[in-house]
Amino acid sequence: MDDASQRQARGRVVLADDNILLREGLASLCERVGYEVVGQAGDAAGLLDLVQEHRPDLAIVDIRMPPDHSTEGLKAARTIREHHPGTGILVLSAFVEVEDVLELLASGRGIGYLLKSRVTVVEEFIEALDRIGRGGSVVDPSLVHELFTAQRRDDPLAHLSSREREVLALMAEGRSNAGIGRRLWVTEGTVEKHVRSILGKLRLTEDTDDHRRVLAVLTFLESR
């Protein structure tokens with residue numbers, strides 16, 4: 001298979017960030033590992049035009065862009081999710097934006113949120129892109145921490161043990177049972193028992209395991 005075919009097989013990407021050095025760096029990284037970068041933009045309007053023209057598999061979006069550098073990228077991401085639900089979205093931010101990203105993260109599959117500092121860990125960044133491209137979700141550990149430290153009195157997670165909370169936090173990051181086991185130094189079977197306990201305590205109705213895991217993660221994200 002030639003290089004062009006490999007890029008096409010991994011996915012087509014558009015990038016939006018007003019920092020041209022970061023944007024070019026991300027584009028180079030994506031292309032080096034096999035993604036096809038079909039367009040770049042420096043503002044939200046340019047991003048929406050690119051998505052409309054190219055219908056990419058994945059959009060990598062800075063949360064703050066011109067003209068006001070507030071939440072233009074996030075608003076554009078919401079528009080992409082509404083009009084192009086098949087496009088995966090990875091939102092990048094220099095800071096933890098708890099309130100702003102919860103609604104987007106709850107909007108469905110193929111969505112992610114990472115701090116820009118996480119991009120420097122190349123393997124984790126590429127793993128995040130691949131996971132979103134497969135329809136999974138990615139949540140930066142810093143956001144997970146913020147959510148855990150700002151709980152409401154009617155916290156639906158109150159009945160979870162400390163270990164179950166650790167497992168749920170890693171689920172929210174998009175990790176598989178095997179990945180959680182490696183992180184916590186326990187067997188995959190032990191993780192499966194914790195997951196079953198979490199789903200039971202959250203009183204999630206019987207459904208496919210994947211769907212129940214998504215519901216558990218959404219409960220976690222909204223529990224603050």
# chains A, B, ... in the order shown; residues from 1 in each chain; ligands from 1
>>> residues_around(residues="A:Val38", least_positions_apart="4", cutoff="7 Å", atoms="only C-alpha atoms", output="list of chain:residue names")
A:Arg12, A:Val13, A:Val14
>>> residues_around(residues="A:Thr120", least_positions_apart="3", cutoff="12 Å", atoms="only C-alpha atoms", output="list of chain:residue names")
A:Leu22, A:Gly25, A:Leu26, A:Leu29, A:Leu114, A:Leu115, A:Lys116, A:Ser117, A:Glu123, A:Glu124, A:Phe125, A:Ile126
>>> write_last_selection(atoms="C-alpha atoms", output="PDB file, in the first residue's frame")
ATOM      1  CA  LEU A  22       1.191  24.683  16.709  1.00  0.00           C
ATOM      2  CA  GLY A  25       3.217  20.972  14.090  1.00  0.00           C
ATOM      3  CA  LEU A  26      -0.018  19.067  14.598  1.00  0.00           C
ATOM      4  CA  LEU A  29       2.508  14.884  13.355  1.00  0.00           C
ATOM      5  CA  LEU A 114      -7.411  17.343  25.763  1.00  0.00           C
ATOM      6  CA  LEU A 115      -5.166  19.997  27.216  1.00  0.00           C
ATOM      7  CA  LYS A 116      -2.580  21.234  24.742  1.00  0.00           C
ATOM      8  CA  SER A 117       0.160  20.125  27.099  1.00  0.00           C
ATOM      9  CA  GLU A 123       1.813   8.350  21.848  1.00  0.00           C
ATOM     10  CA  GLU A 124      -1.106   9.477  24.020  1.00  0.00           C
ATOM     11  CA  PHE A 125      -2.152  12.100  21.470  1.00  0.00           C
ATOM     12  CA  ILE A 126      -2.186   9.631  18.586  1.00  0.00           C
TER      13      ILE A 126
END
>>> residues_around(residues="A:Val37", least_positions_apart="6", cutoff="12 Å", atoms="only C-alpha atoms", output="number ranges by chain")
A: 4, 7-8, 10-16, 23-31, 50-51, 54-60
>>> residues_around(residues="A:Asp62", least_positions_apart="3", cutoff="6 Å", atoms="only C-alpha atoms", output="list in words")
Asp17, Gly73, Val91 and Leu92 of chain A
>>> select_by_dssp(residues="stretch 15-189 of chain A", states="strand (DSSP E)", output="list in words")
Leu15, Ala16, Glu36, Val37, Val38, Gly39, Gln40, Ala41, Leu58, Ala59, Ile60, Val61, Asp62, Gly88, Ile89, Leu90, Val91, Leu92, Ser93, Ile111, Gly112, Tyr113, Leu114, Leu115, Ser137, Val138 and Val139 of chain A
>>> select_by_dssp(residues="stretch 25-204 of chain A", states="helix (DSSP H, G or I)", output="ChimeraX atom specification")
/A:25-32,44-54,72-83,98-105,116-120,122-133,141-148,162-172,177-184,188-201
>>> residues_around(residues="A:Met171", least_positions_apart="2", cutoff="10 Å", atoms="only C-alpha atoms", output="short mmCIF file (atom, residue, chain, number, x, y, z; two decimals) with C-alpha atoms, in the first residue's frame")
data_model
loop_
_atom_site.label_atom_id
_atom_site.label_comp_id
_atom_site.auth_asym_id
_atom_site.auth_seq_id
_atom_site.Cartn_x
_atom_site.Cartn_y
_atom_site.Cartn_z
CA SER A 137 -14.44 9.30 23.77
CA VAL A 138 -11.38 10.89 25.35
CA VAL A 139 -11.39 13.09 28.44
CA ARG A 165 -14.34 5.98 41.51
CA GLU A 166 -10.82 5.40 40.21
CA VAL A 167 -12.14 2.86 37.70
CA LEU A 168 -14.93 5.19 36.58
CA ALA A 169 -12.49 8.08 36.14
CA GLU A 173 -10.71 8.87 29.89
CA GLY A 174 -11.77 6.22 27.36
CA ARG A 175 -9.63 3.35 28.64
CA SER A 176 -10.61 -0.28 28.12
CA ASN A 177 -10.85 -2.77 30.98
CA GLY A 179 -6.00 -0.53 30.02
CA ILE A 180 -7.58 0.24 33.41
CA VAL A 195 -17.40 -2.12 36.36
CA ARG A 213 -20.45 2.28 29.99
CA VAL A 214 -21.29 5.46 28.05
CA ALA A 216 -21.92 5.62 33.42
CA VAL A 217 -19.35 8.06 32.02
CA PHE A 220 -19.79 10.88 36.07
#
>>> residues_around(residues="A:Lys75", least_positions_apart="5", cutoff="9 Å", atoms="only C-alpha atoms", output="PDB file with all heavy atoms, in the first residue's frame")
ATOM      1  N   ALA A  44     -12.780  30.009  13.436  1.00  0.00           N
ATOM      2  CA  ALA A  44     -13.923  29.104  13.448  1.00  0.00           C
ATOM      3  C   ALA A  44     -14.649  29.078  12.108  1.00  0.00           C
ATOM      4  O   ALA A  44     -15.088  28.016  11.644  1.00  0.00           O
ATOM      5  CB  ALA A  44     -14.888  29.500  14.561  1.00  0.00           C
ATOM      6  N   ILE A  63     -10.111  25.510  21.371  1.00  0.00           N
ATOM      7  CA  ILE A  63     -11.331  26.016  21.989  1.00  0.00           C
ATOM      8  C   ILE A  63     -11.441  27.539  21.895  1.00  0.00           C
ATOM      9  O   ILE A  63     -12.541  28.092  21.848  1.00  0.00           O
ATOM     10  CB  ILE A  63     -11.403  25.555  23.467  1.00  0.00           C
ATOM     11  CG1 ILE A  63     -12.840  25.573  23.974  1.00  0.00           C
ATOM     12  CG2 ILE A  63     -10.499  26.381  24.351  1.00  0.00           C
ATOM     13  CD1 ILE A  63     -13.008  24.901  25.323  1.00  0.00           C
ATOM     14  N   ILE A  80     -20.516  21.605  14.164  1.00  0.00           N
ATOM     15  CA  ILE A  80     -20.080  20.409  13.430  1.00  0.00           C
ATOM     16  C   ILE A  80     -20.840  19.187  13.918  1.00  0.00           C
ATOM     17  O   ILE A  80     -21.313  18.366  13.127  1.00  0.00           O
ATOM     18  CB  ILE A  80     -18.561  20.203  13.591  1.00  0.00           C
ATOM     19  CG1 ILE A  80     -17.789  21.336  12.914  1.00  0.00           C
ATOM     20  CG2 ILE A  80     -18.131  18.852  13.012  1.00  0.00           C
ATOM     21  CD1 ILE A  80     -16.314  21.359  13.250  1.00  0.00           C
TER      22      ILE A  80
END
>>> closest_residue(among="A:Phe95, A:Ile89, A:Arg183, A:Leu104", to="A:Ala128", atoms="only C-alpha atoms")
A:Ile89
>>> residues_around(residues="A:Glu164", least_positions_apart="2", cutoff="10 Å", atoms="only C-alpha atoms", output="list in words")
Leu157, His159, Leu160, Ser161, Ser162, Glu166, Val167, Leu168, Ala169, Leu170, Val191, Lys193, His194, Val195, Arg196, Ser197 and Ile198 of chain A
>>> atom_distance(atom1="atom CA of A:Leu74", atom2="atom CA of A:Arg131")
20.0 Å
>>> closest_residue(among="A:Leu129, A:Ala172, A:Leu48, A:Val119", to="A:Gly88", atoms="only C-alpha atoms")
A:Leu129
